[in-house]
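Below is entry27.pdb, which holds PDB, C-alpha atoms.
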ATOM      1  CA  MET A   1       5.106  -2.938 -16.784
ATOM      2  CA  VAL A   2       2.311  -2.673 -14.214
ATOM      3  CA  ARG A   3       1.700  -6.425 -14.362
ATOM      4  CA  LEU A   4       5.433  -7.093 -14.120
ATOM      5  CA  LEU A   5       5.975  -4.884 -11.077
ATOM      6  CA  GLY A   6       2.653  -5.642  -9.395
ATOM      7  CA  ALA A   7       0.077  -3.462  -7.685
ATOM      8  CA  GLN A   8       1.849  -0.863  -5.534
ATOM      9  CA  ASP A   9       5.142  -2.410  -6.765
ATOM     10  CA  ARG A  10       4.619  -5.483  -4.588
ATOM     11  CA  LEU A  11       6.425  -7.791  -7.014
ATOM     12  CA  LEU A  12       9.278  -5.324  -7.339
ATOM     13  CA  THR A  13       9.580  -5.142  -3.552
ATOM     14  CA  ASN A  14       9.700  -8.941  -3.395
ATOM     15  CA  LEU A  15      12.422  -9.002  -6.056
ATOM     16  CA  GLU A  16      14.506  -6.523  -4.045
ATOM     17  CA  HIS A  17      13.993  -8.684  -0.962
ATOM     18  CA  GLN A  18      15.330 -11.723  -2.853
ATOM     19  CA  TYR A  19      18.447  -9.777  -3.945
ATOM     20  CA  PRO A  20      19.357  -7.343  -1.138
ATOM     21  CA  LEU A  21      22.611  -6.215  -2.823
ATOM     22  CA  VAL A  22      20.817  -5.032  -5.977
ATOM     23  CA  ASP A  23      19.346  -1.574  -6.631
ATOM     24  CA  VAL A  24      16.370  -1.672  -9.002
ATOM     25  CA  HIS A  25      15.576   1.553 -10.863
ATOM     26  CA  VAL A  26      12.389   1.827 -12.922
ATOM     27  CA  ARG A  27      11.814   4.681 -15.343
ATOM     28  CA  GLY A  28       8.974   4.358 -17.821
ATOM     29  CA  ASN A  29       9.429   1.016 -19.600
ATOM     30  CA  GLU A  30      13.074   0.652 -18.598
ATOM     31  CA  ILE A  31      14.399  -1.351 -15.626
ATOM     32  CA  ARG A  32      18.014  -0.946 -14.518
ATOM     33  CA  LEU A  33      19.718  -3.342 -12.102
ATOM     34  CA  LEU A  34      22.818  -2.002 -10.344
ATOM     35  CA  PRO A  35      24.988  -3.425  -7.548
ATOM     36  CA  LYS A  36      24.767  -1.551  -4.252
ATOM     37  CA  VAL A  37      28.400  -2.312  -3.445
ATOM     38  CA  ALA A  38      31.476  -3.198  -5.474
ATOM     39  CA  SER A  39      31.810  -6.913  -4.764
ATOM     40  CA  GLU A  40      31.634 -10.235  -6.578
ATOM     41  CA  GLU A  41      28.578 -11.227  -4.539
ATOM     42  CA  ALA A  42      26.722  -8.081  -5.577
ATOM     43  CA  GLN A  43      27.628  -8.665  -9.238
ATOM     44  CA  ALA A  44      26.408 -12.259  -8.956
ATOM     45  CA  GLN A  45      23.119 -11.000  -7.483
ATOM     46  CA  VAL A  46      22.690  -8.569 -10.392
ATOM     47  CA  ILE A  47      23.093 -11.470 -12.845
ATOM     48  CA  GLY A  48      20.575 -13.543 -10.840
ATOM     49  CA  ALA A  49      18.106 -10.652 -10.630
ATOM     50  CA  LYS A  50      18.345 -10.099 -14.398
ATOM     51  CA  ALA A  51      17.662 -13.784 -15.089
ATOM     52  CA  LEU A  52      14.725 -13.748 -12.665
ATOM     53  CA  MET A  53      13.292 -10.594 -14.223
ATOM     54  CA  GLU A  54      13.470 -12.193 -17.682
ATOM     55  CA  GLU A  55      11.595 -15.248 -16.392
ATOM     56  CA  LEU A  56       8.893 -13.065 -14.822
ATOM     57  CA  LEU A  57       8.620 -11.083 -18.055
ATOM     58  CA  ALA A  58       8.126 -14.333 -20.005
ATOM     59  CA  MET A  59       5.258 -15.294 -17.690
ATOM     60  CA  VAL A  60       3.603 -11.886 -18.051
ATOM     61  CA  ARG A  61       3.879 -12.031 -21.859
ATOM     62  CA  ASN A  62       2.246 -15.463 -21.672
ATOM     63  CA  GLY A  63      -0.767 -13.850 -20.016
ATOM     64  CA  GLN A  64      -0.016 -15.078 -16.492
ATOM     65  CA  ASP A  65      -0.995 -12.938 -13.504
ATOM     66  CA  LEU A  66       1.902 -12.952 -11.062
ATOM     67  CA  ALA A  67       1.761 -13.011  -7.262
ATOM     68  CA  PRO A  68       4.581 -12.346  -4.761
ATOM     69  CA  ALA A  69       4.764 -16.112  -4.141
ATOM     70  CA  ASP A  70       5.613 -16.624  -7.844
ATOM     71  CA  VAL A  71       8.647 -14.341  -7.474
ATOM     72  CA  ALA A  72       9.926 -16.241  -4.435
ATOM     73  CA  GLU A  73       9.284 -19.644  -6.032
ATOM     74  CA  SER A  74      10.983 -18.585  -9.280
ATOM     75  CA  LYS A  75      14.051 -17.578  -7.273
ATOM     76  CA  HIS A  76      13.957 -20.947  -5.474
ATOM     77  CA  ILE A  77      13.730 -22.824  -8.794
ATOM     78  CA  GLN A  78      16.662 -20.862 -10.198
ATOM     79  CA  ASP A  79      18.798 -21.692  -7.162
ATOM     80  CA  ALA A  80      17.774 -25.334  -6.640
ATOM     81  CA  HIS A  81      17.277 -26.317 -10.308
ATOM     82  CA  PRO A  82      19.645 -24.181 -12.408
ATOM     83  CA  HIS A  83      18.814 -26.052 -15.636
ATOM     84  CA  THR A  84      15.050 -25.590 -15.197
ATOM     85  CA  SER A  85      13.176 -22.535 -16.425
ATOM     86  CA  PRO A  86      10.793 -21.114 -13.767
ATOM     87  CA  SER A  87       8.479 -19.812 -16.504
ATOM     88  CA  ALA A  88       8.224 -23.345 -17.938
ATOM     89  CA  VAL A  89       7.264 -24.747 -14.521
ATOM     90  CA  LEU A  90       4.920 -22.008 -13.324
ATOM     91  CA  GLY A  91       3.436 -21.406 -16.773
ATOM     92  CA  GLU A  92       2.274 -24.985 -17.455
ATOM     93  CA  ASP A  93      -1.532 -24.850 -17.672
ATOM     94  CA  ILE A  94      -3.601 -27.735 -16.326
ATOM     95  CA  LEU A  95      -7.123 -26.394 -16.226
ATOM     96  CA  SER A  96      -8.837 -23.048 -16.838
ATOM     97  CA  THR A  97     -11.978 -22.679 -14.813
ATOM     98  CA  ARG A  98     -14.145 -19.887 -13.457
ATOM     99  CA  GLY A  99     -11.770 -17.135 -14.532
ATOM    100  CA  LYS A 100      -8.533 -18.647 -13.249
ATOM    101  CA  THR A 101      -5.931 -21.085 -14.532
ATOM    102  CA  LEU A 102      -4.632 -23.932 -12.379
ATOM    103  CA  ARG A 103      -0.884 -24.554 -12.713
ATOM    104  CA  PRO A 104       1.883 -26.341 -10.809
ATOM    105  CA  LYS A 105       3.566 -24.033  -8.330
ATOM    106  CA  THR A 106       6.831 -25.935  -7.808
ATOM    107  CA  VAL A 107       9.141 -28.301  -9.684
ATOM    108  CA  GLY A 108       7.924 -31.187  -7.514
ATOM    109  CA  GLN A 109       4.314 -30.410  -8.408
ATOM    110  CA  GLN A 110       5.180 -30.253 -12.111
ATOM    111  CA  GLU A 111       6.852 -33.670 -11.921
ATOM    112  CA  TYR A 112       3.786 -35.023 -10.071
ATOM    113  CA  VAL A 113       1.410 -33.703 -12.753
ATOM    114  CA  ARG A 114       3.531 -35.144 -15.557
ATOM    115  CA  ALA A 115       3.703 -38.495 -13.741
ATOM    116  CA  ILE A 116      -0.113 -38.603 -13.730
ATOM    117  CA  ASP A 117      -0.060 -38.079 -17.515
ATOM    118  CA  ASP A 118       2.544 -40.782 -18.082
ATOM    119  CA  HIS A 119       1.432 -43.566 -15.705
ATOM    120  CA  THR A 120      -1.711 -45.569 -15.055
ATOM    121  CA  ILE A 121      -1.265 -45.485 -11.265
ATOM    122  CA  THR A 122       0.410 -42.562  -9.517
ATOM    123  CA  PHE A 123       1.031 -42.179  -5.793
ATOM    124  CA  GLY A 124       1.313 -38.611  -4.525
ATOM    125  CA  ILE A 125       3.030 -38.781  -1.130
ATOM    126  CA  GLY A 126       3.902 -35.670   0.841
ATOM    127  CA  PRO A 127       3.005 -33.317   3.682
ATOM    128  CA  ALA A 128      -0.058 -31.105   3.975
ATOM    129  CA  GLY A 129      -0.280 -28.195   1.558
ATOM    130  CA  THR A 130       1.708 -29.715  -1.308
ATOM    131  CA  GLY A 131      -1.313 -29.845  -3.638
ATOM    132  CA  LYS A 132      -1.526 -33.651  -3.819
ATOM    133  CA  THR A 133      -5.312 -33.863  -3.910
ATOM    134  CA  TYR A 134      -5.928 -30.508  -5.591
ATOM    135  CA  LEU A 135      -3.698 -31.226  -8.584
ATOM    136  CA  ALA A 136      -5.063 -34.774  -8.906
ATOM    137  CA  MET A 137      -8.568 -33.308  -8.955
ATOM    138  CA  ALA A 138      -7.551 -30.800 -11.630
ATOM    139  CA  LYS A 139      -6.163 -33.602 -13.801
ATOM    140  CA  ALA A 140      -9.370 -35.604 -13.292
ATOM    141  CA  VAL A 141     -11.572 -32.695 -14.405
ATOM    142  CA  GLN A 142      -9.227 -32.087 -17.358
ATOM    143  CA  ALA A 143      -9.498 -35.753 -18.404
ATOM    144  CA  LEU A 144     -13.300 -35.603 -18.145
ATOM    145  CA  GLN A 145     -13.524 -32.421 -20.221
ATOM    146  CA  ARG A 146     -11.248 -33.944 -22.882
ATOM    147  CA  LYS A 147     -13.453 -37.076 -22.900
ATOM    148  CA  GLU A 148     -10.451 -39.238 -21.990
ATOM    149  CA  VAL A 149     -12.619 -40.818 -19.261
ATOM    150  CA  GLU A 150     -16.364 -41.165 -18.788
ATOM    151  CA  ARG A 151     -16.497 -40.489 -15.052
ATOM    152  CA  ILE A 152     -14.590 -39.338 -11.992
ATOM    153  CA  ILE A 153     -14.616 -41.421  -8.832
ATOM    154  CA  LEU A 154     -13.429 -39.815  -5.587
ATOM    155  CA  THR A 155     -13.000 -41.842  -2.439
ATOM    156  CA  ARG A 156     -11.314 -41.769   0.960
ATOM    157  CA  PRO A 157     -11.404 -43.889   4.117
ATOM    158  CA  ALA A 158     -13.809 -42.709   6.822
ATOM    159  CA  VAL A 159     -11.293 -42.422   9.647
ATOM    160  CA  GLU A 160     -11.413 -39.726  12.324
ATOM    161  CA  ALA A 161      -8.293 -37.654  12.962
ATOM    162  CA  GLY A 162      -7.570 -38.678  16.531
ATOM    163  CA  GLU A 163     -11.103 -37.940  17.730
ATOM    164  CA  ARG A 164     -14.206 -39.967  18.463
ATOM    165  CA  LEU A 165     -17.186 -38.230  16.896
ATOM    166  CA  GLY A 166     -19.746 -40.820  17.939
ATOM    167  CA  PHE A 167     -22.826 -41.701  15.906
ATOM    168  CA  LEU A 168     -23.598 -38.895  13.479
ATOM    169  CA  PRO A 169     -27.280 -38.056  12.850
ATOM    170  CA  GLY A 170     -29.060 -38.137   9.504
ATOM    171  CA  THR A 171     -29.032 -40.305   6.416
ATOM    172  CA  LEU A 172     -26.027 -42.292   5.184
ATOM    173  CA  THR A 173     -25.101 -39.333   2.948
ATOM    174  CA  ASP A 174     -25.195 -37.013   5.969
ATOM    175  CA  LYS A 175     -22.954 -39.382   7.940
ATOM    176  CA  ILE A 176     -20.200 -39.672   5.315
ATOM    177  CA  ASP A 177     -20.358 -36.057   4.099
ATOM    178  CA  PRO A 178     -17.910 -34.677   6.754
ATOM    179  CA  TYR A 179     -15.254 -37.178   5.668
ATOM    180  CA  LEU A 180     -15.665 -36.342   1.972
ATOM    181  CA  ARG A 181     -16.074 -32.575   2.371
ATOM    182  CA  PRO A 182     -12.471 -31.738   1.275
ATOM    183  CA  LEU A 183     -13.130 -33.523  -2.024
ATOM    184  CA  PHE A 184     -16.377 -31.601  -2.538
ATOM    185  CA  ASP A 185     -14.595 -28.306  -1.783
ATOM    186  CA  ALA A 186     -11.924 -28.948  -4.431
ATOM    187  CA  LEU A 187     -14.558 -30.087  -6.920
ATOM    188  CA  ASN A 188     -16.646 -26.940  -6.432
ATOM    189  CA  GLU A 189     -13.573 -24.783  -7.072
ATOM    190  CA  MET A 190     -12.973 -26.390 -10.460
ATOM    191  CA  LEU A 191     -16.527 -26.759 -11.723
ATOM    192  CA  ASP A 192     -19.595 -24.586 -11.495
ATOM    193  CA  PRO A 193     -21.283 -25.517  -8.171
ATOM    194  CA  GLU A 194     -24.593 -25.777 -10.023
ATOM    195  CA  VAL A 195     -23.134 -28.337 -12.436
ATOM    196  CA  VAL A 196     -21.627 -30.619  -9.778
ATOM    197  CA  PRO A 197     -24.967 -31.970  -8.399
ATOM    198  CA  LYS A 198     -26.178 -32.700 -11.944
ATOM    199  CA  LEU A 199     -23.003 -34.626 -12.781
ATOM    200  CA  MET A 200     -23.330 -36.553  -9.529
ATOM    201  CA  ALA A 201     -26.990 -37.317 -10.200
ATOM    202  CA  VAL A 202     -26.186 -39.002 -13.525
ATOM    203  CA  GLY A 203     -23.123 -40.799 -12.122
ATOM    204  CA  THR A 204     -20.488 -38.850 -14.063
ATOM    205  CA  ILE A 205     -18.979 -37.846 -10.719
ATOM    206  CA  GLU A 206     -19.145 -40.235  -7.796
ATOM    207  CA  VAL A 207     -17.971 -39.438  -4.276
ATOM    208  CA  ALA A 208     -18.043 -42.393  -1.904
ATOM    209  CA  PRO A 209     -16.259 -43.868   1.109
ATOM    210  CA  LEU A 210     -13.594 -46.476   0.409
ATOM    211  CA  ALA A 211     -15.731 -49.316   1.765
ATOM    212  CA  TYR A 212     -18.067 -48.907  -1.236
ATOM    213  CA  MET A 213     -15.298 -49.844  -3.692
ATOM    214  CA  ARG A 214     -15.251 -53.542  -2.802
ATOM    215  CA  GLY A 215     -16.469 -55.890  -5.532
ATOM    216  CA  ARG A 216     -16.351 -53.283  -8.313
ATOM    217  CA  THR A 217     -14.340 -53.006 -11.545
ATOM    218  CA  LEU A 218     -13.797 -49.379 -12.519
ATOM    219  CA  ASN A 219     -13.507 -48.931 -16.300
ATOM    220  CA  ASN A 220     -13.122 -45.649 -18.234
ATOM    221  CA  SER A 221     -12.661 -43.769 -14.988
ATOM    222  CA  PHE A 222     -10.312 -41.348 -13.270
ATOM    223  CA  ILE A 223     -10.157 -42.604  -9.682
ATOM    224  CA  ILE A 224      -8.683 -40.641  -6.778
ATOM    225  CA  LEU A 225      -8.075 -42.151  -3.348
ATOM    226  CA  ASP A 226      -7.439 -39.359  -0.838
ATOM    227  CA  GLU A 227      -5.998 -39.668   2.701
ATOM    228  CA  ALA A 228      -4.567 -43.057   1.711
ATOM    229  CA  GLN A 229      -2.314 -43.149   4.774
ATOM    230  CA  ASN A 230      -5.458 -44.147   6.698
ATOM    231  CA  THR A 231      -6.064 -47.284   4.650
ATOM    232  CA  THR A 232      -5.171 -50.687   6.040
ATOM    233  CA  PRO A 233      -2.963 -52.950   3.889
ATOM    234  CA  GLU A 234      -6.059 -54.988   3.027
ATOM    235  CA  GLN A 235      -8.001 -51.902   1.956
ATOM    236  CA  MET A 236      -5.116 -50.680  -0.213
ATOM    237  CA  LYS A 237      -4.904 -54.038  -1.990
ATOM    238  CA  MET A 238      -8.665 -54.081  -2.457
ATOM    239  CA  PHE A 239      -8.658 -50.556  -3.932
ATOM    240  CA  LEU A 240      -5.758 -51.115  -6.340
ATOM    241  CA  THR A 241      -7.359 -54.295  -7.704
ATOM    242  CA  ARG A 242     -10.496 -52.314  -8.690
ATOM    243  CA  LEU A 243      -8.572 -50.901 -11.673
ATOM    244  CA  GLY A 244     -10.316 -51.543 -14.981
ATOM    245  CA  PHE A 245      -9.583 -50.776 -18.632
ATOM    246  CA  ASP A 246      -8.896 -47.209 -19.852
ATOM    247  CA  SER A 247      -8.711 -45.910 -16.275
ATOM    248  CA  LYS A 248      -6.227 -43.934 -14.210
ATOM    249  CA  MET A 249      -5.690 -44.033 -10.461
ATOM    250  CA  VAL A 250      -4.122 -41.380  -8.245
ATOM    251  CA  ILE A 251      -3.517 -42.246  -4.598
ATOM    252  CA  THR A 252      -2.604 -39.369  -2.271
ATOM    253  CA  GLY A 253      -1.567 -39.277   1.355
ATOM    254  CA  ASP A 254       0.893 -38.180   4.036
ATOM    255  CA  ILE A 255       2.584 -41.110   5.777
ATOM    256  CA  THR A 256       3.527 -38.854   8.707
ATOM    257  CA  GLN A 257      -0.151 -38.281   9.612
ATOM    258  CA  VAL A 258      -1.615 -41.752  10.109
ATOM    259  CA  ASP A 259      -4.862 -41.750  12.126
ATOM    260  CA  LEU A 260      -5.343 -45.524  12.264
ATOM    261  CA  PRO A 261      -5.629 -46.693  15.895
ATOM    262  CA  SER A 262      -3.305 -49.695  15.750
ATOM    263  CA  THR A 263      -2.913 -51.379  12.342
ATOM    264  CA  ALA A 264      -0.169 -50.567   9.834
ATOM    265  CA  SER A 265      -0.766 -47.981   7.107
ATOM    266  CA  GLY A 266      -1.495 -49.464   3.698
ATOM    267  CA  LEU A 267       0.176 -46.482   2.015
ATOM    268  CA  ARG A 268       3.398 -46.923   3.965
ATOM    269  CA  LEU A 269       3.461 -50.651   3.168
ATOM    270  CA  VAL A 270       2.690 -50.317  -0.543
ATOM    271  CA  THR A 271       5.730 -48.115  -1.204
ATOM    272  CA  GLY A 272       7.943 -51.146  -0.586
ATOM    273  CA  ILE A 273       5.740 -53.617  -2.467
ATOM    274  CA  LEU A 274       5.042 -51.824  -5.768
ATOM    275  CA  ASP A 275       8.048 -49.525  -6.078
ATOM    276  CA  ASP A 276       9.615 -51.465  -8.982
ATOM    277  CA  ILE A 277       6.493 -52.186 -11.031
ATOM    278  CA  GLU A 278       6.328 -50.541 -14.451
ATOM    279  CA  ASP A 279       3.534 -47.984 -15.060
ATOM    280  CA  ILE A 280       3.263 -47.259 -11.322
ATOM    281  CA  HIS A 281       4.957 -44.087 -10.148
ATOM    282  CA  PHE A 282       5.620 -42.748  -6.640
ATOM    283  CA  ALA A 283       5.810 -38.944  -6.607
ATOM    284  CA  ARG A 284       7.341 -37.795  -3.334
ATOM    285  CA  LEU A 285       6.617 -34.168  -2.490
ATOM    286  CA  THR A 286       8.436 -32.316   0.299
ATOM    287  CA  SER A 287       8.128 -29.162   2.373
ATOM    288  CA  ALA A 288       9.669 -27.302  -0.601
ATOM    289  CA  ASP A 289       6.426 -28.028  -2.499
ATOM    290  CA  VAL A 290       4.104 -26.558   0.162
ATOM    291  CA  VAL A 291       2.044 -23.742  -1.356
ATOM    292  CA  ARG A 292       0.120 -22.709   1.728
ATOM    293  CA  HIS A 293       1.344 -20.086   4.213
ATOM    294  CA  SER A 294       5.150 -20.083   4.441
ATOM    295  CA  LEU A 295       4.859 -21.206   8.068
ATOM    296  CA  VAL A 296       3.367 -24.536   6.956
ATOM    297  CA  GLY A 297       6.632 -25.565   5.296
ATOM    298  CA  ARG A 298       8.590 -24.650   8.428
ATOM    299  CA  ILE A 299       6.144 -26.581  10.617
ATOM    300  CA  VAL A 300       6.541 -29.653   8.389
ATOM    301  CA  ASP A 301      10.348 -29.404   8.595
ATOM    302  CA  ALA A 302      10.261 -28.946  12.381
ATOM    303  CA  TYR A 303       8.096 -32.035  12.885
ATOM    304  CA  SER A 304      10.283 -34.077  10.505
ATOM    305  CA  GLU A 305      13.376 -33.074  12.483
ATOM    306  CA  TYR A 306      11.631 -33.963  15.753
ATOM    307  CA  ASP A 307      10.552 -37.368  14.378
ATOM    308  CA  GLU A 308      14.109 -38.119  13.239
ATOM    309  CA  LYS A 309      15.519 -37.242  16.655
ATOM    310  CA  THR A 310      12.861 -39.343  18.409
ATOM    311  CA  LEU A 311      13.569 -42.312  16.137
ATOM    312  CA  ALA A 312      17.330 -41.987  16.673
ATOM    313  CA  ALA A 313      16.859 -41.844  20.465
ATOM    314  CA  ARG A 314      14.672 -44.969  20.324
ATOM    315  CA  HIS A 315      17.343 -46.847  18.361
ATOM    316  CA  ARG A 316      19.985 -45.821  20.906
ATOM    317  CA  ARG A 317      17.834 -47.081  23.781
ATOM    318  CA  GLU A 318      17.179 -50.388  22.005
ATOM    319  CA  ASN A 319      20.872 -50.839  21.224
ATOM    320  CA  ALA A 320      21.787 -50.071  24.843
ATOM    321  CA  LYS A 321      19.348 -52.752  26.034
ATOM    322  CA  GLU A 322      20.797 -55.285  23.601
ATOM    323  CA  ASN A 323      24.371 -54.521  24.689
ATOM    324  CA  SER A 324      23.501 -54.825  28.386
ATOM    325  CA  ARG A 325      22.169 -58.388  27.992
TER     326      ARG A 325
END

Written form, structure tokens:
Amino acid sequence: MVRLLGAQDRLLTNLEHQYPLVDVHVRGNEIRLLPKVASEEAQAQVIGAKALMEELLAMVRNGQDLAPADVAESKHIQDAHPHTSPSAVLGEDILSTRGKTLRPKTVGQQEYVRAIDDHTITFGIGPAGTGKTYLAMAKAVQALQRKEVERIILTRPAVEAGERLGFLPGTLTDKIDPYLRPLFDALNEMLDPEVVPKLMAVGTIEVAPLAYMRGRTLNNSFIILDEAQNTTPEQMKMFLTRLGFDSKMVITGDITQVDLPSTASGLRLVTGILDDIEDIHFARLTSADVVRHSLVGRIVDAYSEYDEKTLAARHRRENAKENSR
């Protein structure tokens, strides 16, 4: 009961927030859900609250530690995907490491993870905070531990995000380290930090800029290309043709955050070129799959709305010019 209700009843409070017309009474090991008012809406909320409580109970019995975000996401899954069980989505284990279990947090993330299992090449496209790189990294470590691959290769283009950092001091490793730091951070969360340097020293894990991929054939590998929106079309073609036997590729990126100075994004272009090829899957995540602070999802939606309005205004101006000729 303590795990179901949460420390200081935080999960219970979140449940009541999700269903404001429901009174929740807890006595010992018994939970009673009663409508606050006599109305059809209140009765419907009682039914929804009961279903949600049963899903949360299933997760607790499965040994899962719940957080307030799990309550809110379970409610969202129930509403948006009525034929999908929240406990089946949020209880799907990917990797257990350093005392915690990594799982998908949304339906979109679950579909992305399953696409990686089922396809040789998977594109994870979506806004910041949707777990594109993190989940791909978890699947790579899982594949390595299961001996499905012999090595993990992590790469990303060395492109600055709208800034000019100049010539960085130090060795080549020192120069490229800032660009690859997000990959190192995720890797250190999933493996013992003391083990990572040893695996890198023997070549089991390789972290390198995209330019180093040219001329190679990558066999028996799990290859992740991060920040793919900053690849040129030529770089994207070069990377995809590195695929060897018994390998998987995951390409992640956000086509709304391209930092290339002038050329077209290889990620944006490839969605129209390879969309119909078998064994290649495009997983498109949205703001509903953001698992960072709740404000991040709202920020993503606000920028998307602004971009749509800007694009519509541009089309109107272009049409007005054409009509005036």

Taking the file above as input, evaluate the PyMOL selection byres ((chain A and resi 136-153) around 7) and report the hits as a compact mmCIF listing (two decimals) with C-alpha atoms, keeping the file's coordinate frame.
# COMPACT_ATOMS: atom_id res chain seq x y z
CA ILE A 94 -3.60 -27.74 -16.33
CA LEU A 95 -7.12 -26.39 -16.23
CA LYS A 132 -1.53 -33.65 -3.82
CA THR A 133 -5.31 -33.86 -3.91
CA TYR A 134 -5.93 -30.51 -5.59
CA LEU A 135 -3.70 -31.23 -8.58
CA LEU A 154 -13.43 -39.82 -5.59
CA THR A 155 -13.00 -41.84 -2.44
CA THR A 204 -20.49 -38.85 -14.06
CA ILE A 205 -18.98 -37.85 -10.72
CA GLU A 206 -19.14 -40.24 -7.80
CA VAL A 207 -17.97 -39.44 -4.28
CA ASN A 220 -13.12 -45.65 -18.23
CA SER A 221 -12.66 -43.77 -14.99
CA PHE A 222 -10.31 -41.35 -13.27
CA ILE A 223 -10.16 -42.60 -9.68
CA ILE A 224 -8.68 -40.64 -6.78
CA VAL A 250 -4.12 -41.38 -8.24

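Selection check: the PyMOL selection byres ((chain A and resi 232) around 6) on the shown file gives Thr231, Pro233, Glu234, Gln235, Ser265 and Gly266 of chain A.
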
For atom CA of Glu308 of chain A and atom CA of Arg268 of chain A, quote the distance in Å rounded to one decimal.
->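 Atom-to-atom, atom CA of Glu308 of chain A and atom CA of Arg268 of chain A are spaced 16.7 Å apart.
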
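With all atoms listed in the file as the basis for measurement, A:Ala128 is the residue among A:Ala42, A:Val37, A:Ala128, A:Leu90 that approaches Val291 of chain A most closely.
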
Enter the distance from atom CA of Met1 of chain A to atom CA of Leu15 of chain A, in Å, rounded to one decimal.
->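 Computing the Euclidean distance for atom CA of Met1 of chain A and atom CA of Leu15 of chain A yields 14.3 Å.
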
How many Å separate atom CA of Val2 of chain A from atom CA of Pro68 of chain A?
->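 Atom CA of Val2 of chain A sits 13.7 Å away from atom CA of Pro68 of chain A.
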
Counting only C-alpha atoms, figure out which residue out of A:Val296, A:Ile121, A:Leu240, A:Leu260 gets nearest to Glu278 of chain A.
-> A:Ile121

Residue members of the PyMOL selection byres ((chain A and resi 196) around 12) in the file shown, as a list in words |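 Selection result, ordered by chain and number: Val141, Ile152, Leu183, Phe184, Asp185, Ala186, Leu187, Asn188, Glu189, Met190, Leu191, Asp192, Pro193, Glu194, Val195, Pro197, Lys198, Leu199, Met200, Ala201, Val202, Gly203, Thr204, Ile205, Glu206 and Val207 of chain A.
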
Written file, previous selection with C-alpha atoms, as a CSV table (one decimal), in the frame of the given file:
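Contents of result-v5.csv, as written:
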chain,number,residue,atom,x,y,z
A,141,VAL,CA,-11.6,-32.7,-14.4
A,152,ILE,CA,-14.6,-39.3,-12.0
A,183,LEU,CA,-13.1,-33.5,-2.0
A,184,PHE,CA,-16.4,-31.6,-2.5
A,185,ASP,CA,-14.6,-28.3,-1.8
A,186,ALA,CA,-11.9,-28.9,-4.4
A,187,LEU,CA,-14.6,-30.1,-6.9
A,188,ASN,CA,-16.6,-26.9,-6.4
A,189,GLU,CA,-13.6,-24.8,-7.1
A,190,MET,CA,-13.0,-26.4,-10.5
A,191,LEU,CA,-16.5,-26.8,-11.7
A,192,ASP,CA,-19.6,-24.6,-11.5
A,193,PRO,CA,-21.3,-25.5,-8.2
A,194,GLU,CA,-24.6,-25.8,-10.0
A,195,VAL,CA,-23.1,-28.3,-12.4
A,197,PRO,CA,-25.0,-32.0,-8.4
A,198,LYS,CA,-26.2,-32.7,-11.9
A,199,LEU,CA,-23.0,-34.6,-12.8
A,200,MET,CA,-23.3,-36.6,-9.5
A,201,ALA,CA,-27.0,-37.3,-10.2
A,202,VAL,CA,-26.2,-39.0,-13.5
A,203,GLY,CA,-23.1,-40.8,-12.1
A,204,THR,CA,-20.5,-38.8,-14.1
A,205,ILE,CA,-19.0,-37.8,-10.7
A,206,GLU,CA,-19.1,-40.2,-7.8
A,207,VAL,CA,-18.0,-39.4,-4.3

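Using only C-alpha atoms, the nearest neighbour of Ser87 of chain A within the list A:Ala158, A:Ala51, A:Ala115, A:Val258 is A:Ala51.
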
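Take the candidates A:Glu40, A:Asp65, A:Asp23, A:Glu55 and check each one against Gly6 of chain A using only C-alpha atoms; the shortest distance goes to A:Asp65.
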
Using only C-alpha atoms, which residues sit within 10 Å of Thr120 of chain A once same-chain residues fewer than 3 positions away are excluded, as a PyMOL selection string?
-> chain A and resi 115-117+222+243+246-250+278-281

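The nearest approach to Val113 of chain A among the residues A:Leu285, A:Gly28, A:Gly244, A:Glu318, with only C-alpha atoms taken into account, belongs to A:Leu285.
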
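If all atoms listed in the file are the atoms counted, then among A:Glu16, A:Thr130, A:Arg98, A:Glu111 the closest residue to Lys75 of chain A is A:Glu16.
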
Near Ala44 of chain A, counting all atoms listed in the file, which residues have an atom at most 12 Å away, once you skip same-chain residues fewer than 3 positions from it, shown as a ChimeraX atom specification?
-> /A:19-22,33-41,47-51

Just need the box for segment 120-124 of chain A, edges along x, y and z, holding every atom the file lists for it with 8 Å tacked onto each side, so centre and edge lengths in Å to one decimal, as JSON.
{"center_x": -0.2, "center_y": -42.1, "center_z": -9.8, "size_x": 19.0, "size_y": 23.0, "size_z": 26.5}
